[in-house]
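Asks: First the structure, which I've put down as structure tokens, then a few questions once you've had a look.
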Amino acid sequence: MLRYVLSRFATFVPTFIGVTLISFAFIRVLPGDPIIVMAGERGMTQERYDELVKQFGFDRPIFVQFWDYLTGVLQGDLGNSYVTKKPVWDEFFALFPATLELSICAMIFAVALGLPAGVIAAMNRGKFFDRTLMSTALVGYSMPIFWWALLLIIVFSGNLGWTPVSGRIDLLYYFDNVTGFMLIDSLLSGQDGAFGSAVRHLILPTIVLGTIPLAVIARQTRSAMLEVLGEDYIRTARAKGLPPGRINGLHALRNALIPVITVIGLSVGTLLAGAILTETIFSWPGIGKWMVDSIFRRDYPVVQGGLLLIAVMVMIVNLTVDLLYGLINPKIRKR
Amino acid sequence: MSLLRLRNLSVEFATTGGRFRAVDKVDLDVDRGDVLAIVGESGSGKSVSMLALMGLLPWTAKVTADEMTFDGHDLSKLSARGRRRIVGKDMAMIFQEPMSSLNPCFTVGFQIRETLRIHLGMDRKAAQKRAVELFDLVGIPDPEQRLKAFPHQMSGGMNQRVMIAMAISCNPKLLIADEPTTALDVTIQAQILDLLVKLRDETGMGLVLITHDMGVVAETAQRVSVHYAGQKVEEQPVRPLFRAPHHPYTSALLAALPERATDKRLPTIPGVVPGQFDRPKGCLFSPRCKFADDHCRKVPPEPRGADLGLARCHYPLNTDERLAS
Amino acid sequence: MDHALSEEVETQVEKRPGRLREFWFYFRENRGAVFGFWVFVAFVFIAATAPWIAPHDPTEQFRQYTLLPPVWQEGGSWTFPLGTDPLGRDMLSRLLNGARYSFFVGIVVVVVAASGGILIGLLAGFSPKWLDAIIMRLMDIILAFPSLLLALVLVAILGPSLINAMIAIAIVLQPHYVRLTRASVIGELNKDYVTSARVAGAGLWRLMFVTVLPNCLAPIIVQAALSFSTAILDAAALGFLGMGAQPPTPEWGTMLAEAREFILRAWWVVTLPGLAILITVLAINLMGDGLRDALDPKLKRS
């Protein structure tokens, strides 16, 4: 197990350096001079320009610049936003809880529905339920989620008026940002209806963001279950006269979960990509919307730093999944 | 009344190319204390008939039989629940691949205690105690420690012992061993076979041994049933079968034993068991039989009398010997 | 398993079907896949003939007919069967022409990503350990970025246009081909036929492209089908965010973005382009599933 953990970390470090290098290179291959972009419409004098070049260190050798950048990253220094002048690092972690809250809700939604759906479909292989469920899953998997979001808005916000269209909570509520998670903060504030409002704001984004992971998890669970159900040890379990519920729910599912956990981990990346679209459509003040806005504002330090931090987040999640995989797979755990 | 009685057992698989008959009108009887060997090449349907008996075939399989009784129960009429009360308790089975037949996610102790708790209603403590006893019985050293191990931490031979311990945990009346030694080293093979015979002697259970190894048959079995392409082609007690086989296929199998070879080269049976797309019209063995004539190729033979070992052959061998004795 | 070799009931001899016929047999058995196949054929046909079968020019603005509903709703007319958009352009013509862009995106992205990915994957599979490790780490790095985000940033660098969106999507999708090709190459390299080809003196190039590659194609074909649909989805998403095809191009994602503000007033300008994307992507995915089942012997019924 220790060797396994070490080997995972050994691949983590070079990937981290590579990711840093890419986000570092990004600002240097941009069309146009970043300093000119920063100056905006007004332009600047040659003296001011030279001063800025010196200030940002653009006159030094490229590898020195990369070294400075890398050490800066490790100390949490990603530069300041051109627009707000605030450190990128602080902005990211101020907005991150919003994305995290939405992602966790979407993941819970996807796993809670997808896992049982896949198991039941596998147990009823080829029957009506299986076919219906898997067709639905394929539609979900093929869904352009930006359109799906608009459809849900038309029906639930437009026609039925049940859910709000944008934001995290109604404007009439105001309370301190304690944890950054609106669901928890609204409860802590003790204001009437605040929690309900937060939940109503969360429903549609959760469904939209969770749709594709839901479909992927249901399909993957089904195929993993079908594969496992054909294994020799399932035949042994049946030869022991165990009831079907125990065979499917314990002997098969325990083995089928191993690949499914991997897929759940991998869909975190999908989730963050989906968050870009979901947050933009629902005006959800999270990382995804922040990135899109910054791209349009040409706020390069934000794009650069955000790209790096998101990639590192994905890498940390993947590393966790790898370690978790080692934990649930006894073949790796006990060696 | 015998322990197990099968009459006209047939198994068909629904596949994309039509229906395939894997087992074709097989009769079998097994008594308490009996050791019956079922012999045949791969694809002769010997495992399938026993899996059908246990109810372990996939849903694409259709099992039909005139009679299928075990210990007074009509298996074909039993509900799934009723069958589960017998399977794993009174009728147990072990398989060819011990490594993949145990669940990799659970300790072997969990897997053996599970059987005890479900069939005998034992509590944790009693199940643990019985599991230790069983491991002792099948010759696994240091049982308490081994019970905590996962299957991949043990050798194939040890895993097969675990499988046997699990199968005999509820004192079954019948144990079916499906090529239990094929996947093991030669030295381990003899140990496992000795263990099976010893357990049979101690408990008086019936033992069905599925194998393609005539050497194994000679050492362990009392009766032999030879299968070819889904049919039973001959059945005799082990001594007469080795002395005077009636079906040419049995004869050819015996001739292929190294210790019987008279020539420099080991005799082989040319060709393979007919598959889905090349099933012959007449006798199924005719394409590979050196005695076959046109009659054999056109008309499928019916089983002969018990004096001829129920051989499915138009021209049974060693009939002179029968006349002489 | 024994029954895999079992016999049929009929005694007459039947011929074993050939490989292509067998593939088609398994593919045809999957009704969804066949349905997807025909929808895809229709999609390709529309993409090829859109300018001739569309009733109007997709960019022509009929100013007196803005936001006309489809023909079956009150106020609809047969001149504009699926209604008009806020600028009075014919929805049907725009949708038909949109198929061209999606098809174009799909083809180009798959060809670029697959050929690049297969080459790099082959290289990684055949190369010494250190080079293999470098290539795979590189792919890990690309995969660490969420695909849409990386595509978005790449487009931001290159400038928003459909071509740049296609390049970005191809770059993002290509590591999947590298991983897939490398994994199957390494699986094949241990097999006896490769050893025998080596012993027979086959050169490296021959070994790579003639001996090994054809045996790795099945999963790559399936991946190609699936990334065709991913490419269409991502291109539409970029268009929706304003980073793909630019107005007035009748690209489906761009159309959706333009129509967003009319979402509660004119359902058809929002619903129809999305429906077109969904149907196309769904058809391709159905076909991809059928391909996988037909090409993967593990899933075949025994």
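In the structure tokens, chains take the letters A, B, ... in the order shown, each chain's residues start at 1, and ligands count up from 1 in the order shown.
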If we count only C-alpha atoms and set the cut-off at 12 Å, which residues sit around Trp78 in chain C, ignoring sequence neighbours fewer than 6 positions away in its own chain? Please answer as a list in words.
Replies: Pro55, Leu68, Pro69, Pro70, Val71, Trp72, Thr84, Asp90 and Leu92 of chain C
Asks: Please produce a file of the residues just selected, as a short mmCIF file (atom, residue, chain, number, x, y, z; two decimals), in the first residue's frame, where the atoms kept are C-alpha atoms.
Replies:
data_model
loop_
_atom_site.label_atom_id
_atom_site.label_comp_id
_atom_site.auth_asym_id
_atom_site.auth_seq_id
_atom_site.Cartn_x
_atom_site.Cartn_y
_atom_site.Cartn_z
CA PRO C 55 -36.47 27.31 -48.55
CA LEU C 68 -43.18 34.38 -36.33
CA PRO C 69 -44.29 31.14 -34.59
CA PRO C 70 -44.12 27.73 -36.32
CA VAL C 71 -46.85 26.81 -38.78
CA TRP C 72 -48.96 24.73 -36.36
CA THR C 84 -38.61 33.05 -37.71
CA ASP C 90 -36.22 31.56 -41.43
CA LEU C 92 -35.86 25.97 -40.87
#
Asks: Determine, counting only C-alpha atoms, which protein, DNA and RNA residues have an atom within 12 Å of an atom of Asn177 in chain A; residues of the same chain fewer than 4 positions away are not included. Present the result as a short mmCIF file (atom, residue, chain, number, x, y, z; two decimals) with N, CA and C atoms, in the first residue's frame.
Replies:
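New file result30.cif:
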data_model
loop_
_atom_site.label_atom_id
_atom_site.label_comp_id
_atom_site.auth_asym_id
_atom_site.auth_seq_id
_atom_site.Cartn_x
_atom_site.Cartn_y
_atom_site.Cartn_z
N ALA A 94 -12.45 33.01 -2.54
CA ALA A 94 -13.70 33.63 -2.12
C ALA A 94 -14.87 33.05 -2.92
N LEU A 95 -14.62 32.73 -4.19
CA LEU A 95 -15.69 32.24 -5.05
C LEU A 95 -15.81 30.72 -5.03
N PRO A 97 -16.17 28.34 -2.74
CA PRO A 97 -17.25 27.64 -2.02
C PRO A 97 -18.55 27.56 -2.83
N ALA A 98 -18.86 28.58 -3.59
CA ALA A 98 -20.09 28.55 -4.38
C ALA A 98 -20.06 27.41 -5.39
N PHE A 181 -20.79 28.42 2.15
CA PHE A 181 -21.85 27.55 1.62
C PHE A 181 -23.19 28.17 1.97
N MET A 182 -23.95 28.52 0.94
CA MET A 182 -25.19 29.25 1.16
C MET A 182 -26.16 28.45 2.01
N LEU A 183 -26.20 27.14 1.80
CA LEU A 183 -27.16 26.31 2.55
C LEU A 183 -26.87 26.39 4.05
N ILE A 184 -25.58 26.37 4.41
CA ILE A 184 -25.22 26.39 5.83
C ILE A 184 -25.36 27.81 6.38
N ASP A 185 -24.86 28.79 5.62
CA ASP A 185 -24.93 30.17 6.08
C ASP A 185 -26.36 30.63 6.31
N SER A 186 -27.26 30.22 5.40
CA SER A 186 -28.65 30.67 5.53
C SER A 186 -29.28 30.07 6.78
N LEU A 187 -28.89 28.85 7.12
CA LEU A 187 -29.39 28.25 8.36
C LEU A 187 -28.83 28.97 9.57
N LEU A 188 -27.52 29.28 9.51
CA LEU A 188 -26.87 29.94 10.64
C LEU A 188 -27.47 31.32 10.89
N SER A 189 -27.88 31.99 9.80
CA SER A 189 -28.39 33.35 9.95
C SER A 189 -29.69 33.36 10.73
#
Asks: Please identify the alpha helix (DSSP H) residues within range 73-251 of chain C (assignment by DSSP from backbone atoms) and present them as an mmCIF file with C-alpha atoms, in the first residue's frame.
Replies:
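The resulting file, selection_24.cif, is reproduced below:
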data_model
loop_
_atom_site.group_PDB
_atom_site.id
_atom_site.type_symbol
_atom_site.label_atom_id
_atom_site.label_comp_id
_atom_site.auth_asym_id
_atom_site.auth_seq_id
_atom_site.Cartn_x
_atom_site.Cartn_y
_atom_site.Cartn_z
ATOM 1 C CA MET C 91 -35.595 29.032 -38.625
ATOM 2 C CA LEU C 92 -35.860 25.965 -40.870
ATOM 3 C CA SER C 93 -33.261 27.277 -43.311
ATOM 4 C CA ARG C 94 -30.944 28.209 -40.471
ATOM 5 C CA LEU C 95 -31.322 24.813 -38.821
ATOM 6 C CA LEU C 96 -30.694 22.940 -42.087
ATOM 7 C CA ASN C 97 -27.594 24.993 -42.763
ATOM 8 C CA GLY C 98 -26.470 24.536 -39.161
ATOM 9 C CA ALA C 99 -26.111 20.806 -39.867
ATOM 10 C CA ARG C 100 -23.256 21.678 -42.230
ATOM 11 C CA TYR C 101 -21.249 23.378 -39.524
ATOM 12 C CA SER C 102 -21.809 20.608 -37.003
ATOM 13 C CA PHE C 103 -20.877 17.920 -39.501
ATOM 14 C CA PHE C 104 -17.821 19.883 -40.557
ATOM 15 C CA VAL C 105 -16.737 20.319 -36.935
ATOM 16 C CA GLY C 106 -17.257 16.634 -36.192
ATOM 17 C CA ILE C 107 -15.320 15.376 -39.218
ATOM 18 C CA VAL C 108 -12.392 17.752 -38.897
ATOM 19 C CA VAL C 109 -12.006 17.313 -35.158
ATOM 20 C CA VAL C 110 -12.187 13.521 -35.348
ATOM 21 C CA VAL C 111 -9.738 13.302 -38.245
ATOM 22 C CA VAL C 112 -7.228 15.688 -36.664
ATOM 23 C CA ALA C 113 -7.520 14.312 -33.131
ATOM 24 C CA ALA C 114 -7.564 10.669 -34.206
ATOM 25 C CA SER C 115 -4.665 10.786 -36.650
ATOM 26 C CA GLY C 116 -2.511 12.784 -34.254
ATOM 27 C CA GLY C 117 -3.526 10.681 -31.281
ATOM 28 C CA ILE C 118 -2.992 7.362 -33.040
ATOM 29 C CA LEU C 119 0.468 8.398 -34.227
ATOM 30 C CA ILE C 120 1.567 9.576 -30.798
ATOM 31 C CA GLY C 121 -0.021 6.551 -29.144
ATOM 32 C CA LEU C 122 1.773 4.155 -31.499
ATOM 33 C CA LEU C 123 4.999 5.992 -30.844
ATOM 34 C CA ALA C 124 4.516 5.756 -27.095
ATOM 35 C CA GLY C 125 3.666 2.080 -27.276
ATOM 36 C CA PHE C 126 6.741 1.229 -29.336
ATOM 37 C CA LYS C 129 10.327 3.484 -21.397
ATOM 38 C CA TRP C 130 11.598 7.007 -20.771
ATOM 39 C CA LEU C 131 10.032 8.446 -23.931
ATOM 40 C CA ASP C 132 6.797 6.600 -23.231
ATOM 41 C CA ALA C 133 6.754 8.084 -19.721
ATOM 42 C CA ILE C 134 7.335 11.608 -21.044
ATOM 43 C CA ILE C 135 4.543 11.300 -23.607
ATOM 44 C CA MET C 136 2.089 9.920 -21.090
ATOM 45 C CA ARG C 137 2.894 12.600 -18.497
ATOM 46 C CA LEU C 138 2.298 15.183 -21.198
ATOM 47 C CA MET C 139 -1.105 13.687 -21.887
ATOM 48 C CA ASP C 140 -1.848 13.623 -18.142
ATOM 49 C CA ILE C 141 -1.099 17.326 -18.054
ATOM 50 C CA ILE C 142 -3.547 18.082 -20.844
ATOM 51 C CA LEU C 143 -6.178 15.867 -19.225
ATOM 52 C CA ALA C 144 -5.781 17.680 -15.904
ATOM 53 C CA SER C 147 -11.756 20.004 -21.556
ATOM 54 C CA LEU C 148 -14.215 22.820 -22.128
ATOM 55 C CA LEU C 149 -12.173 25.234 -20.000
ATOM 56 C CA LEU C 150 -8.971 24.466 -21.879
ATOM 57 C CA ALA C 151 -10.775 24.822 -25.207
ATOM 58 C CA LEU C 152 -12.229 28.113 -24.025
ATOM 59 C CA VAL C 153 -8.846 29.480 -23.013
ATOM 60 C CA LEU C 154 -7.237 28.260 -26.237
ATOM 61 C CA VAL C 155 -9.926 30.031 -28.246
ATOM 62 C CA ALA C 156 -9.390 33.136 -26.152
ATOM 63 C CA ILE C 157 -5.722 33.044 -27.168
ATOM 64 C CA LEU C 158 -6.327 32.223 -30.818
ATOM 65 C CA LEU C 162 -15.224 28.253 -35.667
ATOM 66 C CA ILE C 163 -11.845 27.119 -37.038
ATOM 67 C CA ASN C 164 -10.050 28.013 -33.815
ATOM 68 C CA ALA C 165 -12.772 26.292 -31.818
ATOM 69 C CA MET C 166 -12.179 23.151 -33.889
ATOM 70 C CA ILE C 167 -8.418 23.289 -33.333
ATOM 71 C CA ALA C 168 -8.941 23.744 -29.594
ATOM 72 C CA ILE C 169 -11.400 20.842 -29.362
ATOM 73 C CA ALA C 170 -9.109 18.583 -31.385
ATOM 74 C CA ILE C 171 -6.204 19.339 -29.038
ATOM 75 C CA VAL C 172 -8.358 18.638 -26.020
ATOM 76 C CA LEU C 173 -9.737 15.341 -27.373
ATOM 77 C CA GLN C 174 -6.484 13.984 -28.719
ATOM 78 C CA PRO C 175 -4.999 12.612 -25.432
ATOM 79 C CA HIS C 176 -7.873 10.123 -25.251
ATOM 80 C CA TYR C 177 -6.734 8.618 -28.546
ATOM 81 C CA VAL C 178 -3.136 8.528 -27.369
ATOM 82 C CA ARG C 179 -4.057 6.638 -24.198
ATOM 83 C CA LEU C 180 -6.372 4.244 -26.004
ATOM 84 C CA THR C 181 -3.919 3.474 -28.794
ATOM 85 C CA ARG C 182 -1.000 3.029 -26.436
ATOM 86 C CA ALA C 183 -2.981 0.711 -24.160
ATOM 87 C CA SER C 184 -4.087 -1.548 -26.998
ATOM 88 C CA VAL C 185 -0.644 -1.479 -28.653
ATOM 89 C CA ILE C 186 0.967 -2.619 -25.416
ATOM 90 C CA GLY C 187 -1.688 -5.310 -25.059
ATOM 91 C CA GLU C 188 -1.029 -6.543 -28.597
ATOM 92 C CA LEU C 189 2.770 -6.398 -28.358
ATOM 93 C CA ASP C 192 2.481 -14.378 -30.234
ATOM 94 C CA TYR C 193 1.671 -13.083 -33.703
ATOM 95 C CA VAL C 194 3.729 -9.947 -33.076
ATOM 96 C CA THR C 195 6.654 -12.025 -31.881
ATOM 97 C CA SER C 196 6.407 -14.209 -34.952
ATOM 98 C CA ALA C 197 6.310 -11.146 -37.216
ATOM 99 C CA ARG C 198 9.429 -9.891 -35.435
ATOM 100 C CA VAL C 199 11.136 -13.227 -35.845
ATOM 101 C CA LEU C 204 9.621 -1.303 -37.185
ATOM 102 C CA TRP C 205 7.351 0.637 -39.549
ATOM 103 C CA ARG C 206 5.771 -2.513 -40.888
ATOM 104 C CA LEU C 213 -2.351 -1.117 -35.773
ATOM 105 C CA PRO C 214 -5.167 -3.003 -37.557
ATOM 106 C CA ASN C 215 -5.674 -5.117 -34.439
ATOM 107 C CA CYS C 216 -6.048 -2.032 -32.260
ATOM 108 C CA LEU C 217 -8.629 -0.334 -34.451
ATOM 109 C CA ALA C 218 -11.845 -1.603 -32.849
ATOM 110 C CA PRO C 219 -11.724 0.550 -29.706
ATOM 111 C CA ILE C 220 -10.404 3.498 -31.726
ATOM 112 C CA ILE C 221 -13.378 3.331 -34.094
ATOM 113 C CA VAL C 222 -15.745 3.404 -31.132
ATOM 114 C CA GLN C 223 -13.833 6.325 -29.644
ATOM 115 C CA ALA C 224 -14.041 8.129 -32.987
ATOM 116 C CA ALA C 225 -17.824 7.829 -32.999
ATOM 117 C CA LEU C 226 -18.068 9.065 -29.427
ATOM 118 C CA SER C 227 -15.700 11.989 -29.943
ATOM 119 C CA PHE C 228 -17.650 13.011 -33.048
ATOM 120 C CA SER C 229 -20.583 13.727 -30.757
ATOM 121 C CA THR C 230 -18.363 15.323 -28.092
ATOM 122 C CA ALA C 231 -16.919 17.630 -30.750
ATOM 123 C CA ILE C 232 -20.390 18.736 -31.862
ATOM 124 C CA LEU C 233 -21.430 19.341 -28.251
ATOM 125 C CA ASP C 234 -18.283 21.269 -27.344
ATOM 126 C CA ALA C 235 -18.384 23.370 -30.496
ATOM 127 C CA ALA C 236 -21.997 24.240 -29.741
ATOM 128 C CA ALA C 237 -21.070 25.061 -26.135
ATOM 129 C CA LEU C 238 -18.278 27.359 -27.330
ATOM 130 C CA GLY C 239 -20.677 28.944 -29.784
ATOM 131 C CA PHE C 240 -23.157 29.400 -26.960
#
Asks: How close does each residue of chain B get to chain C, giving the shortest atom pair and distance in Å to one decimal for every residue with an atom at most 8 Å away, counting only C-alpha atoms, sorted by chain and residue number, as CSV?
Replies:
residue,atom,partner,partner_atom,distance
B:Phe13,CA,C:His3,CA,7.9
B:Thr15,CA,C:Ser302,CA,6.9
B:Thr16,CA,C:Arg301,CA,7.7
B:Gly18,CA,C:Glu8,CA,7.2
B:Arg19,CA,C:Glu8,CA,5.6
B:Phe20,CA,C:Glu8,CA,3.4
B:Arg21,CA,C:Glu8,CA,5.2
B:Ala22,CA,C:Ser6,CA,4.8
B:Ser42,CA,C:Asp2,CA,6.4
B:Gly43,CA,C:Asp2,CA,4.8
B:Ser44,CA,C:Asp2,CA,7.4
B:Gly45,CA,C:Asp2,CA,6.3
B:Ser47,CA,C:Asp2,CA,6.9
B:Val48,CA,C:His3,CA,6.9
B:Ala229,CA,C:Glu7,CA,7.4
B:Gly230,CA,C:Ser6,CA,7.7
B:Pro274,CA,C:Glu7,CA,7.0
B:Gly275,CA,C:Glu7,CA,5.1
B:Gln276,CA,C:Glu7,CA,4.1
B:Phe277,CA,C:Glu14,CA,4.8
B:Asp278,CA,C:Val13,CA,5.2
B:Arg279,CA,C:Thr11,CA,5.9
B:Pro280,CA,C:Thr11,CA,6.3
B:Lys281,CA,C:Thr11,CA,5.2
Asks: Put those residues in a file: N, CA and C atoms, as a PDB file, in the first residue's frame.
Replies:
ATOM      1  N   PHE B  13     -29.405 -23.826 -25.418  1.00  0.00           N
ATOM      2  CA  PHE B  13     -29.092 -22.412 -25.277  1.00  0.00           C
ATOM      3  C   PHE B  13     -29.686 -21.647 -26.439  1.00  0.00           C
ATOM      4  N   THR B  15     -29.223 -18.881 -28.762  1.00  0.00           N
ATOM      5  CA  THR B  15     -28.155 -17.974 -29.188  1.00  0.00           C
ATOM      6  C   THR B  15     -28.573 -17.295 -30.474  1.00  0.00           C
ATOM      7  N   THR B  16     -27.728 -16.398 -30.930  1.00  0.00           N
ATOM      8  CA  THR B  16     -28.081 -15.634 -32.119  1.00  0.00           C
ATOM      9  C   THR B  16     -28.180 -16.521 -33.352  1.00  0.00           C
ATOM     10  N   GLY B  18     -29.475 -19.472 -33.497  1.00  0.00           N
ATOM     11  CA  GLY B  18     -30.488 -20.500 -33.314  1.00  0.00           C
ATOM     12  C   GLY B  18     -30.337 -21.145 -31.952  1.00  0.00           C
ATOM     13  N   ARG B  19     -30.923 -22.330 -31.794  1.00  0.00           N
ATOM     14  CA  ARG B  19     -30.822 -22.983 -30.489  1.00  0.00           C
ATOM     15  C   ARG B  19     -29.781 -24.088 -30.545  1.00  0.00           C
ATOM     16  N   PHE B  20     -28.970 -24.156 -29.514  1.00  0.00           N
ATOM     17  CA  PHE B  20     -27.921 -25.168 -29.479  1.00  0.00           C
ATOM     18  C   PHE B  20     -28.162 -26.101 -28.315  1.00  0.00           C
ATOM     19  N   ARG B  21     -28.067 -27.387 -28.608  1.00  0.00           N
ATOM     20  CA  ARG B  21     -28.318 -28.366 -27.560  1.00  0.00           C
ATOM     21  C   ARG B  21     -26.976 -28.785 -26.970  1.00  0.00           C
ATOM     22  N   ALA B  22     -26.713 -28.338 -25.750  1.00  0.00           N
ATOM     23  CA  ALA B  22     -25.437 -28.630 -25.105  1.00  0.00           C
ATOM     24  C   ALA B  22     -25.471 -29.973 -24.402  1.00  0.00           C
ATOM     25  N   SER B  42     -13.373 -31.212 -23.728  1.00  0.00           N
ATOM     26  CA  SER B  42     -14.016 -29.916 -23.588  1.00  0.00           C
ATOM     27  C   SER B  42     -15.144 -29.822 -24.607  1.00  0.00           C
ATOM     28  N   GLY B  43     -16.269 -29.271 -24.186  1.00  0.00           N
ATOM     29  CA  GLY B  43     -17.372 -29.107 -25.114  1.00  0.00           C
ATOM     30  C   GLY B  43     -18.279 -30.301 -25.187  1.00  0.00           C
ATOM     31  N   SER B  44     -18.086 -31.279 -24.295  1.00  0.00           N
ATOM     32  CA  SER B  44     -18.947 -32.451 -24.350  1.00  0.00           C
ATOM     33  C   SER B  44     -20.180 -32.284 -23.470  1.00  0.00           C
ATOM     34  N   GLY B  45     -20.332 -31.125 -22.831  1.00  0.00           N
ATOM     35  CA  GLY B  45     -21.551 -30.850 -22.083  1.00  0.00           C
ATOM     36  C   GLY B  45     -21.573 -31.448 -20.698  1.00  0.00           C
ATOM     37  N   SER B  47     -20.036 -30.372 -17.880  1.00  0.00           N
ATOM     38  CA  SER B  47     -20.263 -29.369 -16.834  1.00  0.00           C
ATOM     39  C   SER B  47     -21.686 -28.831 -16.898  1.00  0.00           C
ATOM     40  N   VAL B  48     -22.153 -28.628 -18.138  1.00  0.00           N
ATOM     41  CA  VAL B  48     -23.456 -27.980 -18.305  1.00  0.00           C
ATOM     42  C   VAL B  48     -24.556 -28.770 -17.621  1.00  0.00           C
ATOM     43  N   ALA B 229     -20.080 -34.780 -27.036  1.00  0.00           N
ATOM     44  CA  ALA B 229     -20.940 -33.832 -27.741  1.00  0.00           C
ATOM     45  C   ALA B 229     -22.339 -33.762 -27.136  1.00  0.00           C
ATOM     46  N   GLY B 230     -22.412 -33.734 -25.807  1.00  0.00           N
ATOM     47  CA  GLY B 230     -23.696 -33.558 -25.140  1.00  0.00           C
ATOM     48  C   GLY B 230     -24.433 -34.849 -24.848  1.00  0.00           C
ATOM     49  N   PRO B 274     -17.605 -31.848 -32.394  1.00  0.00           N
ATOM     50  CA  PRO B 274     -18.349 -30.967 -33.304  1.00  0.00           C
ATOM     51  C   PRO B 274     -18.929 -29.771 -32.578  1.00  0.00           C
ATOM     52  N   GLY B 275     -18.866 -28.596 -33.200  1.00  0.00           N
ATOM     53  CA  GLY B 275     -19.371 -27.371 -32.592  1.00  0.00           C
ATOM     54  C   GLY B 275     -20.742 -27.021 -33.139  1.00  0.00           C
ATOM     55  N   GLN B 276     -21.054 -25.734 -33.087  1.00  0.00           N
ATOM     56  CA  GLN B 276     -22.392 -25.295 -33.489  1.00  0.00           C
ATOM     57  C   GLN B 276     -22.656 -25.493 -34.970  1.00  0.00           C
ATOM     58  N   PHE B 277     -21.609 -25.375 -35.765  1.00  0.00           N
ATOM     59  CA  PHE B 277     -21.841 -25.283 -37.201  1.00  0.00           C
ATOM     60  C   PHE B 277     -21.410 -26.528 -37.979  1.00  0.00           C
ATOM     61  N   ASP B 278     -20.923 -27.550 -37.263  1.00  0.00           N
ATOM     62  CA  ASP B 278     -20.453 -28.720 -38.026  1.00  0.00           C
ATOM     63  C   ASP B 278     -20.948 -30.021 -37.401  1.00  0.00           C
ATOM     64  N   ARG B 279     -22.184 -30.000 -36.929  1.00  0.00           N
ATOM     65  CA  ARG B 279     -22.723 -31.187 -36.281  1.00  0.00           C
ATOM     66  C   ARG B 279     -23.086 -32.230 -37.332  1.00  0.00           C
ATOM     67  N   PRO B 280     -22.559 -33.452 -37.175  1.00  0.00           N
ATOM     68  CA  PRO B 280     -22.833 -34.472 -38.196  1.00  0.00           C
ATOM     69  C   PRO B 280     -24.274 -34.986 -38.122  1.00  0.00           C
ATOM     70  N   LYS B 281     -24.685 -35.635 -39.200  1.00  0.00           N
ATOM     71  CA  LYS B 281     -26.065 -36.090 -39.331  1.00  0.00           C
ATOM     72  C   LYS B 281     -26.333 -37.350 -38.507  1.00  0.00           C
TER      73      LYS B 281
END
Asks: Using only C-alpha atoms, which residues sit within 12 Å of Thr220 in chain B once same-chain residues fewer than 2 positions away are excluded, as a PyMOL selection string?
Replies: chain B and resi 34-38+190+192-198+200-201+207-211+213-218+222-224+237-239
Asks: Near chain C, which residues of chain A fall within 9 Å when you count only C-alpha atoms, and what do they look like as a PyMOL selection string?
Replies: chain A and resi 11+14-16+18-19+22+26-27+29-31+135+138-139+141-148+150-151+153-154+158-159+227+268-274+276-277+280+288+291-292+295-296+298+303+307-308+310-315+318
Asks: For a quick check of understanding, using only C-alpha atoms, which of B:Ser225, B:Tyr249, B:Met158, B:Arg32 has the smallest distance to Gln191 in chain B?
Replies: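 Of B:Ser225, B:Tyr249, B:Met158, B:Arg32, the one nearest Gln191 in chain B, counting only C-alpha atoms, is B:Met158.
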Asks: Write out as a list in words each polymer residue whose atoms come within 10 Å of Val299 in chain B, counting only C-alpha atoms; drop sequence neighbours fewer than 5 positions from it.
Replies: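 Once the nearby chain positions are removed, what remains is Lys281, Gly282, Cys283, Leu284, Asp294 and His314 of chain B.
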Asks: Write out as a ChimeraX atom specification the residues lying within 12 Å of Leu172 in chain A, counting only C-alpha atoms and excluding same-chain residues fewer than 4 positions away.
Replies: /A:168,191-194,197-198
Asks: Write out as a short mmCIF file (atom, residue, chain, number, x, y, z; two decimals) with N, CA and C atoms, in the first residue's frame each polymer residue whose atoms come within 9 Å of Gln128 in chain B, counting only C-alpha atoms; drop sequence neighbours fewer than 4 positions from it.
Replies:
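What landed in selection.cif:
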data_model
loop_
_atom_site.label_atom_id
_atom_site.label_comp_id
_atom_site.auth_asym_id
_atom_site.auth_seq_id
_atom_site.Cartn_x
_atom_site.Cartn_y
_atom_site.Cartn_z
N GLY B 109 -12.65 -16.18 5.22
CA GLY B 109 -13.42 -16.45 6.43
C GLY B 109 -14.84 -15.93 6.30
N ILE B 112 -16.87 -18.21 4.02
CA ILE B 112 -17.27 -19.53 4.53
C ILE B 112 -18.29 -19.36 5.67
N ARG B 113 -18.12 -18.35 6.50
CA ARG B 113 -19.07 -18.12 7.60
C ARG B 113 -20.45 -17.75 7.06
N ASP B 123 -24.69 -18.34 14.78
CA ASP B 123 -24.27 -16.98 15.10
C ASP B 123 -22.78 -16.84 14.77
N ARG B 124 -22.27 -15.62 14.92
CA ARG B 124 -20.89 -15.32 14.54
C ARG B 124 -19.88 -16.28 15.14
N VAL B 132 -13.10 -22.82 11.58
CA VAL B 132 -11.77 -23.30 11.97
C VAL B 132 -11.71 -24.82 11.84
N GLU B 133 -12.78 -25.48 12.32
CA GLU B 133 -12.84 -26.95 12.20
C GLU B 133 -12.71 -27.40 10.75
N GLU B 144 -6.93 -20.01 12.00
CA GLU B 144 -7.41 -18.70 12.45
C GLU B 144 -6.83 -17.57 11.60
N LEU B 147 -8.16 -17.61 7.88
CA LEU B 147 -9.54 -17.14 7.70
C LEU B 147 -9.59 -15.65 7.43
#
